[in-house]
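*Asks:* File follows, target.csv with CSV, C-alpha atoms and all ligand atoms:
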```
chain,number,residue,atom,x,y,z
A,58,MET,CA,127.9,175.0,52.4
A,59,ALA,CA,127.5,178.8,52.7
A,60,ALA,CA,130.2,180.3,54.7
A,61,GLY,CA,129.6,180.3,58.4
A,62,SER,CA,126.1,178.9,58.4
A,63,PRO,CA,125.8,175.4,59.9
A,64,CYS,CA,124.1,172.5,58.1
A,65,ALA,CA,120.6,171.6,59.2
A,66,SER,CA,121.9,168.7,61.4
A,67,CYS,CA,124.5,170.8,63.3
A,68,LYS,CA,121.9,173.6,63.7
A,69,LEU,CA,119.4,171.1,65.3
A,70,LEU,CA,122.1,169.4,67.4
A,71,ARG,CA,123.5,172.8,68.4
A,72,ARG,CA,127.0,172.1,67.5
A,73,ARG,CA,129.6,173.7,65.3
A,74,CYS,CA,129.5,172.5,61.7
A,75,ALA,CA,133.0,171.3,60.8
A,76,LYS,CA,134.4,171.6,57.3
A,77,ASN,CA,134.2,167.9,56.9
A,78,CYS,CA,130.8,167.5,58.5
A,79,ILE,CA,129.3,164.2,57.2
A,80,PHE,CA,125.7,165.6,57.2
A,81,ALA,CA,126.4,168.9,55.5
A,82,PRO,CA,126.3,167.7,51.8
A,83,TYR,CA,122.9,166.0,52.4
A,84,PHE,CA,121.1,168.2,54.9
A,85,PRO,CA,121.4,171.8,53.8
A,86,SER,CA,120.3,174.5,56.2
A,87,ASP,CA,117.4,175.6,54.0
A,88,ASP,CA,115.6,172.3,54.7
A,89,PRO,CA,115.7,171.7,58.5
A,90,HIS,CA,112.6,169.5,58.4
A,91,LYS,CA,114.4,166.8,56.4
A,92,PHE,CA,117.0,166.2,59.1
A,93,ALA,CA,114.6,166.7,62.0
A,94,MET,CA,112.6,163.7,60.8
A,95,VAL,CA,115.5,161.4,60.1
A,96,HIS,CA,116.9,162.3,63.6
A,97,LYS,CA,113.6,161.6,65.3
A,98,VAL,CA,113.2,158.2,63.7
A,99,PHE,CA,116.8,156.9,63.4
A,100,GLY,CA,118.9,159.1,65.7
A,101,ALA,CA,121.7,161.4,64.5
A,102,SER,CA,124.5,159.2,65.7
A,103,ASN,CA,123.0,156.1,63.9
A,104,VAL,CA,122.7,158.1,60.7
A,105,SER,CA,126.2,159.4,61.1
A,106,LYS,CA,127.5,155.8,61.6
A,107,MET,CA,125.5,154.5,58.6
A,108,LEU,CA,126.9,157.2,56.3
A,109,GLN,CA,130.5,156.7,57.5
A,110,GLU,CA,130.2,153.0,56.6
A,111,LEU,CA,129.2,153.8,53.0
A,112,PRO,CA,131.4,154.9,50.1
A,113,VAL,CA,130.8,158.5,49.3
A,114,HIS,CA,129.0,157.9,46.0
A,115,GLN,CA,126.3,155.9,47.8
A,116,ARG,CA,125.6,158.3,50.6
A,117,ALA,CA,123.1,160.5,48.8
A,118,ASP,CA,121.0,157.5,47.9
A,119,ALA,CA,121.2,156.3,51.5
A,120,VAL,CA,120.0,159.7,52.7
A,121,SER,CA,117.1,159.8,50.4
A,122,SER,CA,116.1,156.3,51.5
A,123,LEU,CA,116.4,157.3,55.1
A,124,VAL,CA,114.3,160.4,54.5
A,125,TYR,CA,111.6,158.3,52.7
A,126,GLU,CA,111.6,155.7,55.5
A,127,ALA,CA,111.4,158.3,58.2
A,128,ASN,CA,108.5,160.0,56.4
A,129,ALA,CA,106.6,156.8,56.1
A,130,ARG,CA,107.3,155.9,59.8
A,131,MET,CA,105.9,159.3,60.9
A,132,ARG,CA,102.7,158.8,58.8
A,133,ASP,CA,102.3,155.2,59.8
A,134,PRO,CA,104.0,154.5,63.1
A,135,VAL,CA,103.1,150.8,63.1
A,136,TYR,CA,104.0,149.7,59.5
A,137,GLY,CA,106.2,152.5,58.2
A,138,CYS,CA,107.3,152.0,54.7
A,139,VAL,CA,106.2,148.3,54.8
A,140,GLY,CA,102.7,149.6,54.7
A,141,VAL,CA,103.4,151.6,51.5
A,142,ILE,CA,105.2,148.6,50.0
A,143,SER,CA,102.4,146.2,50.7
A,144,PHE,CA,99.8,148.7,49.4
A,145,LEU,CA,101.8,149.0,46.1
A,146,GLN,CA,102.2,145.3,45.9
A,147,ASN,CA,98.5,144.9,46.2
A,148,GLN,CA,98.0,147.4,43.5
A,149,VAL,CA,100.4,145.6,41.2
A,150,SER,CA,98.7,142.2,41.7
A,151,HIS,CA,95.3,143.9,41.1
A,152,LEU,CA,96.6,145.4,37.9
A,153,GLN,CA,98.1,142.1,36.8
A,154,MET,CA,94.8,140.5,37.3
A,155,GLN,CA,93.1,143.2,35.2
A,156,LEU,CA,95.7,142.7,32.6
A,157,ALA,CA,95.3,139.0,32.5
A,158,MET,CA,91.5,139.4,32.1
A,159,ALA,CA,91.9,141.9,29.3
A,160,GLN,CA,94.4,139.6,27.5
A,161,ALA,CA,91.9,136.7,27.9
A,162,GLU,CA,89.2,138.9,26.5
A,163,VAL,CA,91.4,139.9,23.5
A,164,LEU,CA,92.2,136.2,22.9
A,165,CYS,CA,88.6,135.3,23.0
A,166,ILE,CA,87.8,138.0,20.4
A,167,GLN,CA,90.7,136.9,18.2
A,168,MET,CA,89.5,133.3,18.3
A,169,GLN,CA,85.9,134.3,17.5
A,170,GLN,CA,87.2,136.3,14.6
A,171,GLU,CA,89.4,133.5,13.4
A,172,SER,CA,86.7,130.9,13.6
A,173,SER,CA,84.2,133.2,11.7
A,174,MET,CA,86.9,133.8,9.1
A,175,ALA,CA,87.6,130.0,8.9
A,176,ASN,CA,83.9,129.5,8.3
A,177,GLN,CA,83.8,132.0,5.4
A,178,GLN,CA,87.0,130.8,3.7
A,179,MET,CA,87.2,127.1,3.3
A,180,HIS,CA,90.5,127.0,1.4
A,181,THR,CA,93.1,124.7,3.0
A,182,ASP,CA,95.8,127.4,2.7
A,183,ASP,CA,93.8,129.9,4.8
A,184,LYS,CA,93.1,127.2,7.4
A,185,SER,CA,96.7,126.2,7.9
A,186,PHE,CA,97.6,129.9,8.3
A,187,LEU,CA,94.9,130.4,11.0
A,188,LEU,CA,96.0,127.2,12.8
A,189,HIS,CA,99.6,128.4,12.8
A,190,ASN,CA,98.6,131.8,14.1
A,191,SER,CA,96.6,130.5,17.1
A,192,ILE,CA,99.4,128.1,18.0
A,193,ASN,CA,101.7,131.1,18.2
A,194,THR,CA,99.5,133.2,20.5
A,195,MET,CA,98.4,130.4,22.8
A,196,PRO,CA,101.6,129.5,24.8
A,197,GLN,CA,102.2,133.2,25.5
A,198,PHE,CA,98.8,133.5,27.0
A,199,MET,CA,99.0,130.3,29.0
A,200,ASN,CA,102.4,131.3,30.5
A,201,PHE,CA,101.0,134.6,31.6
A,202,ALA,CA,97.8,133.1,33.1
A,203,SER,CA,99.7,130.4,35.1
A,204,GLY,CA,102.2,133.0,36.3
A,205,SER,CA,99.8,135.3,38.0
A,206,VAL,CA,96.0,134.9,38.0
A,207,VAL,CA,94.7,131.5,36.9
A,208,GLN,CA,90.9,131.9,37.5
A,209,GLY,CA,90.1,135.0,35.4
A,210,PRO,CA,90.9,133.7,31.9
A,211,PHE,CA,89.1,130.4,32.2
A,212,LYS,CA,85.9,132.0,33.5
A,213,ILE,CA,85.8,134.2,30.4
A,214,GLU,CA,86.7,131.3,28.1
A,215,SER,CA,83.6,129.4,29.2
A,216,LEU,CA,81.2,132.3,28.3
B,301,ZN,ZN,127.1,170.0,59.9
```
Please rewrite the model in this file as structure tokens.

*Replies:*
Amino acid sequence: MAAGSPCASCKLLRRRCAKNCIFAPYFPSDDPHKFAMVHKVFGASNVSKMLQELPVHQRADAVSSLVYEANARMRDPVYGCVGVISFLQNQVSHLQMQLAMAQAEVLCIQMQQESSMANQQMHTDDKSFLLHNSINTMPQFMNFASGSVVQGPFKIESL
């Protein structure tokens, strides 16, 4: 803390910034907006209580979480950061679906290549190698498909 100048919290609350001010390390005077938002959403005394209950090494993380949540609450007063979380979860499941479809496509192409190779080379050695190979790749694919999106892969398989 620069000598004499109060932290952003004490400045906003119009009080003297004590040497051991709990806000001072996390709300420097050069970023007044940060505390203003947290104060508006959670209230300064609640934030102070929350920080006091935490060990010092966790306080910085708690403050950045509070700042993030306050930001989200200002942008979306109804859902706050839950809105952001569910948007990201939707995105994750959408991407998992795309990944499952791409993996199904890769598997289809591999199987087509393997069967055309098997047609070309009729040696028994080659055949057992191919069989072994497809047995190895199959369970991985099946696990993934049943874990997330079940419909995609089977549609493609029937093409
Ligand atoms: Zn202060």

*Asks:* Quick one, how far is CA of Asp133 (chain A) from atom ZN of ligand ZN 301 (chain B)?

*Replies:*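 A separation of 28.9 Å between them.
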
*Asks:* Please identify every polymer residue within 9 Å of ligand ZN 301 (chain B), using only C-alpha atoms and all ligand atoms, and present the set as a list of chain:residue names.

*Replies:* A:Pro63, A:Cys64, A:Ala65, A:Ser66, A:Cys67, A:Lys68, A:Arg72, A:Arg73, A:Cys74, A:Ala75, A:Lys76, A:Asn77, A:Cys78, A:Ile79, A:Phe80, A:Ala81, A:Pro82, A:Phe84, A:Pro85, A:Ser86

*Asks:* I need the residue nearest His90 (chain A) from this list: A:Leu156, A:Val124, A:Cys165, A:Val141. Use only C-alpha atoms for the distance.

*Replies:*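 Closest to His90 (chain A), using only C-alpha atoms: A:Val124.
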
*Asks:* Using only C-alpha atoms, find the one residue out of A:Leu69, A:Tyr83, A:Arg132, A:Ser150 that sits nearest to Ala119 (chain A).

*Replies:*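 Looking at the shortest contact to Ala119 (chain A), the residue is A:Tyr83.
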
*Asks:* My list of candidates is A:Ile166, A:Ala175, A:Ala161, A:Val98. Which is closest to Arg130 (chain A) when distances are computed with all atoms listed in the file?

*Replies:* A:Val98

*Asks:* Please, which residues are within 7 Å of (106.9, 155.1, 53.5) by the file's coordinates, counting only C-alpha atoms, and could they come as a ChimeraX atom specification?

*Replies:* /A:125-126,128-130,137-139,141

*Asks:* How far is it from CA of Arg71 (chain A) to CA of Lys106 (chain A), in Å with one decimal?

*Replies:*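 We find that CA of Arg71 (chain A) and CA of Lys106 (chain A) lie 18.7 Å from each other.
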
*Asks:* Rounded to one decimal in Å, what is the spacing between CA of His114 (chain A) and CA of His96 (chain A)?

*Replies:*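 Separation of CA of His114 (chain A) and CA of His96 (chain A): 21.8 Å.
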
*Asks:* In terms of the shortest atom-to-atom distance over only C-alpha atoms, which of A:Pro134, A:Val95, A:Asp88, A:Gly100 is closest to Ser121 (chain A)?

*Replies:*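 Distance minimum relative to Ser121 (chain A) lands on A:Val95.
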
*Asks:* Could N, CA and C atoms be built for region 68-81 of chain A and written out as an mmCIF file, in the coordinates of the input?

*Replies:*
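As a result, part-v4.cif now contains:
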```cif
data_model
loop_
_atom_site.group_PDB
_atom_site.id
_atom_site.type_symbol
_atom_site.label_atom_id
_atom_site.label_comp_id
_atom_site.auth_asym_id
_atom_site.auth_seq_id
_atom_site.Cartn_x
_atom_site.Cartn_y
_atom_site.Cartn_z
ATOM 1 N N LYS A 68 122.776 172.530 63.150
ATOM 2 C CA LYS A 68 121.900 173.600 63.700
ATOM 3 C C LYS A 68 120.968 172.942 64.749
ATOM 4 N N LEU A 69 120.375 171.810 64.389
ATOM 5 C CA LEU A 69 119.400 171.100 65.300
ATOM 6 C C LEU A 69 120.158 170.574 66.516
ATOM 7 N N LEU A 70 121.350 170.021 66.299
ATOM 8 C CA LEU A 70 122.100 169.400 67.400
ATOM 9 C C LEU A 70 122.904 170.457 68.169
ATOM 10 N N ARG A 71 122.796 171.717 67.726
ATOM 11 C CA ARG A 71 123.500 172.800 68.400
ATOM 12 C C ARG A 71 124.960 172.596 68.551
ATOM 13 N N ARG A 72 125.579 172.269 67.425
ATOM 14 C CA ARG A 72 127.000 172.100 67.500
ATOM 15 C C ARG A 72 127.657 172.827 66.281
ATOM 16 N N ARG A 73 128.941 172.967 66.332
ATOM 17 C CA ARG A 73 129.600 173.700 65.300
ATOM 18 C C ARG A 73 129.741 172.770 64.048
ATOM 19 N N CYS A 74 129.425 173.317 62.881
ATOM 20 C CA CYS A 74 129.500 172.500 61.700
ATOM 21 C C CYS A 74 130.901 172.543 61.114
ATOM 22 N N ALA A 75 131.594 171.417 61.283
ATOM 23 C CA ALA A 75 133.000 171.300 60.800
ATOM 24 C C ALA A 75 133.052 171.332 59.313
ATOM 25 N N LYS A 76 134.240 171.583 58.801
ATOM 26 C CA LYS A 76 134.400 171.600 57.300
ATOM 27 C C LYS A 76 134.108 170.301 56.693
ATOM 28 N N ASN A 77 134.448 169.198 57.413
ATOM 29 C CA ASN A 77 134.200 167.900 56.900
ATOM 30 C C ASN A 77 132.965 167.197 57.455
ATOM 31 N N CYS A 78 132.001 168.013 57.903
ATOM 32 C CA CYS A 78 130.800 167.500 58.500
ATOM 33 C C CYS A 78 130.107 166.489 57.563
ATOM 34 N N ILE A 79 129.816 165.296 58.107
ATOM 35 C CA ILE A 79 129.300 164.200 57.200
ATOM 36 C C ILE A 79 127.853 164.504 56.783
ATOM 37 N N PHE A 80 127.137 165.333 57.559
ATOM 38 C CA PHE A 80 125.700 165.600 57.200
ATOM 39 C C PHE A 80 125.612 166.766 56.186
ATOM 40 N N ALA A 81 126.574 167.669 56.218
ATOM 41 C CA ALA A 81 126.400 168.900 55.500
ATOM 42 C C ALA A 81 126.051 168.768 53.992
#
```
